[in-house]
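See below for the structure under consideration.
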Amino acid sequence: MEKKEKTLLEEWRNFAYAYDINSKNGQMFWMNYFNMEKSVYEQLLANPDEEVKGTVEELADKYELELKYFVGFLDGINDSLVKPNPIEEMTKDTEVSLAFDKELLYKNMVAASAEWLYNLEQWNDIFTEEKRKELYKEQKRSTTIVKEKKIGRNDKCPCGSGKKYKHCCMNK
């Protein structure tokens, strides 16, 4: 039986998630990665309407990242792209696009609690402060769970019969 070669994404995830965020090494690794990621976002957000395209390898070179780190970046931005890249099966020669939906990217950064990204100064040229606050609140509200008021046994039944819930629909 032939052993299946790992994809770039599998290699990245195996490499990156082997670091325990609670260890000193893990914290240093992720801090270093987040700084690399921040650098790429600063460049992308400086020209938010320009579609950056190329092979995975070309773009890794453009942003001066090792291939595996750029694959991690692609994994992180993929849900914010206008058209997601085929990250599950991509190779270093796969053509990818970094055309992102500005609002979605901002909200995804908020959802990831990535303050170092959603507070980048480049956002000031893209959205007004009011718009950023609105997007922030929209994202936070979208993850808030609202529980409906529970019907008590002695409350009137919501079916409109006028009976107590315990003598009406509760027993159905």
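The chains in the structure tokens are called A, B, ... from first to last as shown; in each chain the residues are counted from 1, and the ligands are counted from 1 in the order shown.
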Range 39-89 of chain A near range 110-113 of chain A within 12 Å: what's each residue's closest atom pair and its distance in Å to one decimal, counting only C-alpha atoms, ordered by chain then ascending residue number, as CSV?
```
residue,atom,partner,partner_atom,distance
A:Gly76,CA,A:Ala112,CA,9.8
A:Ile77,CA,A:Ala112,CA,11.3
A:Asp79,CA,A:Ala111,CA,11.8
A:Ser80,CA,A:Ala111,CA,11.7
```
May I have the residues from that selection written out with N, CA and C atoms, as an mmCIF file, in the first residue's frame?
```cif
data_model
loop_
_atom_site.group_PDB
_atom_site.id
_atom_site.type_symbol
_atom_site.label_atom_id
_atom_site.label_comp_id
_atom_site.auth_asym_id
_atom_site.auth_seq_id
_atom_site.Cartn_x
_atom_site.Cartn_y
_atom_site.Cartn_z
ATOM 1 N N GLY A 76 -5.648 30.875 7.602
ATOM 2 C CA GLY A 76 -6.337 31.854 8.430
ATOM 3 C C GLY A 76 -7.224 32.814 7.660
ATOM 4 N N ILE A 77 -6.812 33.217 6.456
ATOM 5 C CA ILE A 77 -7.563 34.217 5.701
ATOM 6 C C ILE A 77 -8.637 33.594 4.810
ATOM 7 N N ASP A 79 -11.425 31.980 4.989
ATOM 8 C CA ASP A 79 -12.862 32.238 5.226
ATOM 9 C C ASP A 79 -13.250 33.686 4.961
ATOM 10 N N SER A 80 -12.271 34.562 4.748
ATOM 11 C CA SER A 80 -12.548 35.980 4.524
ATOM 12 C C SER A 80 -12.373 36.379 3.061
#
```
Requested in this report: Enumerate as a PyMOL selection string all residues of range 54-105 of chain A assigned to strand (DSSP E or B) by DSSP on the backbone, naming them with the chain letters and numbers the document uses.
Outcome: chain A and resi 54-55+81+95-97+100
Query raised in the report: So how many Å separate CA of Tyr41 in chain A and CA of Leu117 in chain A, to one decimal?
Result: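 Atom-to-atom, CA of Tyr41 in chain A to CA of Leu117 in chain A, that is 7.5 Å.
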Which residues of range 56-161 of chain A have any atom within 7 Å of an atom in range 2-25 of chain A when counting only C-alpha atoms, and what is the closest pair of atoms for each, with the distance in Å to one decimal? Order the rows by chain and rising number and write it as JSON lines.
```
{"residue": "A:Lys68", "atom": "CA", "partner": "A:Trp12", "partner_atom": "CA", "distance": 5.6}
{"residue": "A:Val71", "atom": "CA", "partner": "A:Leu9", "partner_atom": "CA", "distance": 6.4}
{"residue": "A:Gly72", "atom": "CA", "partner": "A:Trp12", "partner_atom": "CA", "distance": 6.2}
{"residue": "A:Ile87", "atom": "CA", "partner": "A:Leu9", "partner_atom": "CA", "distance": 6.6}
{"residue": "A:Glu88", "atom": "CA", "partner": "A:Leu9", "partner_atom": "CA", "distance": 6.1}
{"residue": "A:Glu89", "atom": "CA", "partner": "A:Thr7", "partner_atom": "CA", "distance": 6.1}
{"residue": "A:Met90", "atom": "CA", "partner": "A:Leu8", "partner_atom": "CA", "distance": 6.7}
{"residue": "A:Thr91", "atom": "CA", "partner": "A:Leu8", "partner_atom": "CA", "distance": 6.3}
```
Could the residues in this selection be saved with N, CA and C atoms as a PDB file, in the first residue's frame?
```pdb
ATOM      1  N   LYS A  68       5.765  27.114   4.674  1.00  0.00           N
ATOM      2  CA  LYS A  68       4.836  26.578   5.667  1.00  0.00           C
ATOM      3  C   LYS A  68       4.110  27.695   6.425  1.00  0.00           C
ATOM      4  N   VAL A  71       1.422  29.113   4.218  1.00  0.00           N
ATOM      5  CA  VAL A  71       0.275  28.193   4.187  1.00  0.00           C
ATOM      6  C   VAL A  71      -0.595  28.439   5.418  1.00  0.00           C
ATOM      7  N   GLY A  72       0.024  28.672   6.564  1.00  0.00           N
ATOM      8  CA  GLY A  72      -0.731  29.020   7.772  1.00  0.00           C
ATOM      9  C   GLY A  72      -1.519  30.301   7.584  1.00  0.00           C
ATOM     10  N   ILE A  87      -7.439  25.256  -0.288  1.00  0.00           N
ATOM     11  CA  ILE A  87      -6.330  25.041   0.649  1.00  0.00           C
ATOM     12  C   ILE A  87      -6.133  23.583   1.047  1.00  0.00           C
ATOM     13  N   GLU A  88      -7.192  22.794   0.993  1.00  0.00           N
ATOM     14  CA  GLU A  88      -7.096  21.386   1.407  1.00  0.00           C
ATOM     15  C   GLU A  88      -6.155  20.585   0.508  1.00  0.00           C
ATOM     16  N   GLU A  89      -6.104  20.930  -0.779  1.00  0.00           N
ATOM     17  CA  GLU A  89      -5.269  20.137  -1.688  1.00  0.00           C
ATOM     18  C   GLU A  89      -4.215  20.953  -2.428  1.00  0.00           C
ATOM     19  N   MET A  90      -3.964  22.178  -2.006  1.00  0.00           N
ATOM     20  CA  MET A  90      -3.028  23.014  -2.749  1.00  0.00           C
ATOM     21  C   MET A  90      -1.579  22.535  -2.606  1.00  0.00           C
ATOM     22  N   THR A  91      -0.808  22.850  -3.651  1.00  0.00           N
ATOM     23  CA  THR A  91       0.628  22.595  -3.661  1.00  0.00           C
ATOM     24  C   THR A  91       1.316  23.947  -3.761  1.00  0.00           C
TER      25      THR A  91
END
```
Query raised in the report: Using only C-alpha atoms, which residues sit within 12 Å of Ile126 in chain A once same-chain residues fewer than 3 positions away are excluded, as a ChimeraX atom specification?
Result: /A:44-49,101-103,105-106,118,120-123,129-132
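Comparing the minimum interatomic distances between Val82 in chain A and each of A:Asn32, A:Thr55, A:Gln43, A:Ser97, counting only C-alpha atoms, we find that A:Ser97 sits nearest.
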Report task. Tell me which of A:Ala114, A:Arg141, A:Gly152, A:His167 sits closest to Met31 in chain A, counting only C-alpha atoms. Result ->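 Result for the nearest residue to Met31 in chain A: A:Ala114.
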Test item: residues at most 8 Å from Phe70 in chain A, only C-alpha atoms, excluding those fewer than 5 positions along its chain, as a PDB file with all heavy atoms, in the first residue's frame:
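And here is the file that came out, out_19.pdb:
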```pdb
ATOM      1  N   VAL A  56       1.294  29.746  -4.582  1.00  0.00           N
ATOM      2  CA  VAL A  56       1.553  29.750  -3.141  1.00  0.00           C
ATOM      3  C   VAL A  56       3.019  30.116  -2.896  1.00  0.00           C
ATOM      4  O   VAL A  56       3.334  30.959  -2.055  1.00  0.00           O
ATOM      5  CB  VAL A  56       1.198  28.385  -2.516  1.00  0.00           C
ATOM      6  CG1 VAL A  56       1.593  28.327  -1.056  1.00  0.00           C
ATOM      7  CG2 VAL A  56      -0.288  28.077  -2.693  1.00  0.00           C
ATOM      8  N   LEU A  59       3.812  33.891  -3.695  1.00  0.00           N
ATOM      9  CA  LEU A  59       3.304  34.809  -2.676  1.00  0.00           C
ATOM     10  C   LEU A  59       4.068  34.662  -1.358  1.00  0.00           C
ATOM     11  O   LEU A  59       4.284  35.657  -0.658  1.00  0.00           O
ATOM     12  CB  LEU A  59       1.801  34.617  -2.474  1.00  0.00           C
ATOM     13  CG  LEU A  59       0.939  35.006  -3.683  1.00  0.00           C
ATOM     14  CD1 LEU A  59      -0.532  34.797  -3.385  1.00  0.00           C
ATOM     15  CD2 LEU A  59       1.195  36.438  -4.116  1.00  0.00           C
ATOM     16  N   ALA A  60       4.500  33.460  -1.044  1.00  0.00           N
ATOM     17  CA  ALA A  60       5.335  33.271   0.146  1.00  0.00           C
ATOM     18  C   ALA A  60       6.616  34.094  -0.011  1.00  0.00           C
ATOM     19  O   ALA A  60       7.045  34.783   0.918  1.00  0.00           O
ATOM     20  CB  ALA A  60       5.653  31.795   0.354  1.00  0.00           C
ATOM     21  N   LEU A  65       8.073  34.999   3.552  1.00  0.00           N
ATOM     22  CA  LEU A  65       7.735  33.974   4.539  1.00  0.00           C
ATOM     23  C   LEU A  65       8.174  32.611   4.028  1.00  0.00           C
ATOM     24  O   LEU A  65       8.130  32.346   2.822  1.00  0.00           O
ATOM     25  CB  LEU A  65       6.219  33.920   4.775  1.00  0.00           C
ATOM     26  CG  LEU A  65       5.553  35.090   5.460  1.00  0.00           C
ATOM     27  CD1 LEU A  65       4.054  34.852   5.542  1.00  0.00           C
ATOM     28  CD2 LEU A  65       6.117  35.287   6.852  1.00  0.00           C
TER      29      LEU A  65
END
```
